[in-house]
Amino acid sequence: MLEELPNFDKPFLPILDKAFRDHADRVCLTFEDESYTYREVGEQSAQVANRLISLGFEPGMKGAIYSLNAARSFIVTLGLLRAGGTWIPVNPRNSAKDNIAVLNQFGADAIFYQRDFKAPVETFVGSAGGAMAMACLDGIDGDIPDIHSWTGDASTESPVVEVTPDHLVCIPLTGGTTGLPKGVMLSNRNFNALEFGTRHMNDGRIPTILCAAPMTHVGGRMAVCGLSSGTRFVILEQVDPQLILRTIEQEKITDFFLPPTGIYSLLDQPNIHDTDLSSLHSVSYGSAPISIPRLREALQVIGPVMRGGFGQTECPMFIARKQPEEHFVNQDITSDIVSDEKLRSVGRETALSIIGIVDDDGNPVPTGERGEIAVKGPMVSEGYYQSPDETAKIRVNGWHLTGDIGFLDEEGYLYVVDRKKDMIITGGFNVYSTEVEQSLMKQAGVKLATVIGVPDEKWGETVAAFIVKEEGSTLSEDDVIVQAKADLGGVKAPKQVIFVDDVPRTPVGKIDKKALRAEKWADAGRTI
């Protein structure tokens, strides 16, 4: 869309300073029995920044936050940013071994952590030969001071630091589950655009947002960019469906984000119909394809508040958006829900984006034709950290290539068919696993379905489905395959059905197809 946009080529920090001034007396953070106003968050984060600066911390240096969701962790993150630092978010749900590798790969001049993660932090600091600054976020840890004694009497005044538009605010990691992840460079320019997009989406509202998904991921970036709106953030340590329902009711939550698996968990709570959800304005879903039957259920049970979207670490949050009313015929929430086909769309261009569908040479393809989803816009990251060759692979003809396969319809709605690398090629035919999964999820008795390609001597690879059955279901492998053939045809229908109690998941709750593939391809001597 790319309407007339402001200039994003400027430092992001003045936006934070203005938020702390403009909303000084509003509550900013709520966590367990703690509550902080914008003034308190501004002063405490300024103390962290000024303490870092007094130790010689300079703009461009990196700081790591190794913590579960917590108000104090978020305040320290803001302090790191206000010192001109680059935030390295460490996902505590990853293994200690993986996180040590991440810290060694990207480095950290300062590190702030919760005591439960002392061991991997000590291992990293020992291998790095020390750190300029270290503090424990939830109490004194031996010789390591707690965050309050570490900041001491540092000034509460806003620090003055000079950064450039391409200065890195954050280096989030791509969601790899094997090997070393890539770091994505998100700059001041990117964060200015994300803040604009967030404010544009709020449309003058002052939301109360529930932060339950890990703030090391998109939830944390959403929170940083939502401060300018005067948002109140209610932080939960982790996703707990019962706690989420209680919190929505007690705190009058207006907005929150969960991946589809989190939405399903909420819908499965026996007391969801007895919970007052009337405060909700939008429930955002994304980061993975959502089951269409379960989306219909959410629209009926949670209400006409579901908000779809499409983004990725390399281009956060605002590639496409699907507003709550777009789930209904004529965009009227009192009318019927749109067709299943329309529900599969992730939305249309945002104020920040232009979406294209391109072929392997980066040239646009006709409307309705499948190709790689590409995007232009100011939220497109600066590339991969210290990996110019990898960056070059995702930038063609001025487009950022998402690595996802999709198409645009005549109304400009985007449909994500699959990850390009997850495409199954069987007997020379392309099969998009998401299309198969959506078909399987419509079958009675199927609670969850995920599809991968498995090695096959004749066809190269064939379609295999891992299915979690509904309780009491008597579905057989033949039942599933026969129904899938009727719906999809013989090529796309699974040739194998494996019934499982659950599927492996990544630390942020996504289905881990790499783990499924690793098991099935272990003895094949090849990976495609």
# chains A, B, ... in the order shown; residues from 1 in each chain; ligands from 1
call {"tool": "closest_atom_pairs", "arguments": {"of": "region 28-119 of chain A", "to": "region 182-197 of chain A", "cutoff": "10 Å", "atoms": "only C-alpha atoms", "output": "Markdown table"}}
result
| residue | atom | partner | partner_atom | distance |
| --- | --- | --- | --- | --- |
| A:Thr86 | CA | A:Ser187 | CA | 9.1 |
| A:Trp87 | CA | A:Leu186 | CA | 9.8 |
| A:Ile88 | CA | A:Gly183 | CA | 9.1 |
| A:Val102 | CA | A:Gly183 | CA | 9.3 |
| A:Gln105 | CA | A:Gly183 | CA | 9.3 |
| A:Phe106 | CA | A:Gly183 | CA | 7.9 |
call {"tool": "select_by_dssp", "arguments": {"residues": "region 193-423 of chain A", "states": "helix (DSSP H, G or I)", "output": "JSON, numbers by chain"}}
result
{"A": [193, 194, 195, 196, 197, 198, 199, 200, 201, 202, 218, 219, 220, 221, 222, 223, 224, 225, 226, 227, 228, 229, 241, 242, 243, 244, 245, 246, 247, 248, 249, 250, 251, 260, 261, 262, 263, 264, 265, 266, 267, 272, 273, 274, 292, 293, 294, 295, 296, 297, 298, 299, 300, 301, 324, 325, 326, 327, 329, 330, 331, 340, 341, 342, 343, 388, 389, 390, 391, 392, 393, 420, 421, 422]}
call {"tool": "atom_distance", "arguments": {"atom1": "CA of Pro6 (chain A)", "atom2": "CA of Pro378 (chain A)"}}
result
10.5 Å
call {"tool": "closest_residue", "arguments": {"among": "A:Asp22, A:Asp478, A:Glu157, A:Glu34", "to": "Gly79 (chain A)", "atoms": "only C-alpha atoms"}}
result
A:Glu157
call {"tool": "residues_around", "arguments": {"residues": "Asp255 (chain A)", "least_positions_apart": "3", "cutoff": "10 Å", "atoms": "only C-alpha atoms", "output": "PyMOL selection string"}}
result
chain A and resi 202+207-211+233+248+252+279-284+305-307
call {"tool": "decode", "arguments": {"residues": "region 306-329 of chain A", "atoms": "N, CA, C and O atoms", "output": "mmCIF file, in the first residue's frame"}}
result
data_model
loop_
_atom_site.group_PDB
_atom_site.id
_atom_site.type_symbol
_atom_site.label_atom_id
_atom_site.label_comp_id
_atom_site.auth_asym_id
_atom_site.auth_seq_id
_atom_site.Cartn_x
_atom_site.Cartn_y
_atom_site.Cartn_z
ATOM 1 N N MET A 306 -11.152 -11.603 15.816
ATOM 2 C CA MET A 306 -9.934 -12.261 15.355
ATOM 3 C C MET A 306 -9.259 -11.404 14.275
ATOM 4 O O MET A 306 -9.910 -10.924 13.348
ATOM 5 N N ARG A 307 -7.968 -11.222 14.417
ATOM 6 C CA ARG A 307 -7.202 -10.399 13.466
ATOM 7 C C ARG A 307 -6.059 -11.242 12.903
ATOM 8 O O ARG A 307 -5.173 -11.685 13.631
ATOM 9 N N GLY A 308 -6.098 -11.475 11.612
ATOM 10 C CA GLY A 308 -5.043 -12.253 10.967
ATOM 11 C C GLY A 308 -3.902 -11.370 10.516
ATOM 12 O O GLY A 308 -3.996 -10.137 10.510
ATOM 13 N N GLY A 309 -2.836 -12.006 10.131
ATOM 14 C CA GLY A 309 -1.698 -11.221 9.658
ATOM 15 C C GLY A 309 -0.575 -12.106 9.180
ATOM 16 O O GLY A 309 -0.592 -13.327 9.346
ATOM 17 N N PHE A 310 0.391 -11.455 8.568
ATOM 18 C CA PHE A 310 1.549 -12.162 8.026
ATOM 19 C C PHE A 310 2.765 -11.259 8.155
ATOM 20 O O PHE A 310 2.737 -10.089 7.776
ATOM 21 N N GLY A 311 3.795 -11.802 8.744
ATOM 22 C CA GLY A 311 5.075 -11.119 8.863
ATOM 23 C C GLY A 311 6.136 -12.171 9.088
ATOM 24 O O GLY A 311 5.836 -13.369 9.125
ATOM 25 N N GLN A 312 7.345 -11.763 9.230
ATOM 26 C CA GLN A 312 8.428 -12.701 9.542
ATOM 27 C C GLN A 312 9.536 -11.934 10.222
ATOM 28 O O GLN A 312 9.534 -10.691 10.221
ATOM 29 N N THR A 313 10.455 -12.650 10.828
ATOM 30 C CA THR A 313 11.539 -11.993 11.564
ATOM 31 C C THR A 313 12.261 -10.999 10.674
ATOM 32 O O THR A 313 12.600 -9.891 11.096
ATOM 33 N N GLU A 314 12.478 -11.372 9.403
ATOM 34 C CA GLU A 314 13.196 -10.506 8.479
ATOM 35 C C GLU A 314 12.377 -9.307 8.012
ATOM 36 O O GLU A 314 12.928 -8.374 7.424
ATOM 37 N N CYS A 315 11.094 -9.345 8.256
ATOM 38 C CA CYS A 315 10.199 -8.261 7.831
ATOM 39 C C CYS A 315 8.991 -8.288 8.769
ATOM 40 O O CYS A 315 7.933 -8.782 8.411
ATOM 41 N N PRO A 316 9.126 -7.725 9.956
ATOM 42 C CA PRO A 316 8.169 -8.005 11.035
ATOM 43 C C PRO A 316 6.785 -7.397 10.845
ATOM 44 O O PRO A 316 6.628 -6.276 10.378
ATOM 45 N N MET A 317 5.806 -8.179 11.223
ATOM 46 C CA MET A 317 4.475 -7.735 11.644
ATOM 47 C C MET A 317 3.554 -7.182 10.568
ATOM 48 O O MET A 317 2.359 -7.403 10.624
ATOM 49 N N PHE A 318 4.059 -6.464 9.587
ATOM 50 C CA PHE A 318 3.161 -5.674 8.749
ATOM 51 C C PHE A 318 3.279 -5.966 7.257
ATOM 52 O O PHE A 318 3.083 -5.073 6.433
ATOM 53 N N ILE A 319 3.553 -7.203 6.881
ATOM 54 C CA ILE A 319 3.480 -7.538 5.463
ATOM 55 C C ILE A 319 2.014 -7.516 5.030
ATOM 56 O O ILE A 319 1.647 -6.879 4.042
ATOM 57 N N ALA A 320 1.170 -8.227 5.757
ATOM 58 C CA ALA A 320 -0.265 -8.255 5.461
ATOM 59 C C ALA A 320 -1.046 -8.260 6.765
ATOM 60 O O ALA A 320 -0.570 -8.770 7.784
ATOM 61 N N ARG A 321 -2.242 -7.704 6.716
ATOM 62 C CA ARG A 321 -3.146 -7.691 7.872
ATOM 63 C C ARG A 321 -4.555 -8.008 7.402
ATOM 64 O O ARG A 321 -4.961 -7.615 6.303
ATOM 65 N N LYS A 322 -5.279 -8.714 8.268
ATOM 66 C CA LYS A 322 -6.676 -9.045 8.002
ATOM 67 C C LYS A 322 -7.489 -8.613 9.210
ATOM 68 O O LYS A 322 -7.396 -9.221 10.284
ATOM 69 N N GLN A 323 -8.241 -7.544 9.051
ATOM 70 C CA GLN A 323 -8.961 -6.952 10.170
ATOM 71 C C GLN A 323 -10.128 -7.854 10.596
ATOM 72 O O GLN A 323 -10.629 -8.670 9.812
ATOM 73 N N PRO A 324 -10.569 -7.717 11.842
ATOM 74 C CA PRO A 324 -11.669 -8.576 12.322
ATOM 75 C C PRO A 324 -12.883 -8.589 11.403
ATOM 76 O O PRO A 324 -13.451 -9.654 11.124
ATOM 77 N N GLU A 325 -13.292 -7.414 10.883
ATOM 78 C CA GLU A 325 -14.494 -7.358 10.053
ATOM 79 C C GLU A 325 -14.317 -8.080 8.721
ATOM 80 O O GLU A 325 -15.297 -8.463 8.073
ATOM 81 N N GLU A 326 -13.048 -8.292 8.299
ATOM 82 C CA GLU A 326 -12.814 -8.957 7.014
ATOM 83 C C GLU A 326 -13.057 -10.462 7.082
ATOM 84 O O GLU A 326 -12.984 -11.148 6.062
ATOM 85 N N HIS A 327 -13.362 -10.970 8.260
ATOM 86 C CA HIS A 327 -13.726 -12.373 8.404
ATOM 87 C C HIS A 327 -15.213 -12.603 8.119
ATOM 88 O O HIS A 327 -15.686 -13.742 8.192
ATOM 89 N N PHE A 328 -15.944 -11.515 7.806
ATOM 90 C CA PHE A 328 -17.388 -11.604 7.654
ATOM 91 C C PHE A 328 -17.821 -11.073 6.287
ATOM 92 O O PHE A 328 -17.160 -10.212 5.698
ATOM 93 N N VAL A 329 -18.940 -11.593 5.808
ATOM 94 C CA VAL A 329 -19.478 -11.183 4.514
ATOM 95 C C VAL A 329 -19.753 -9.678 4.535
ATOM 96 O O VAL A 329 -20.336 -9.145 5.491
#
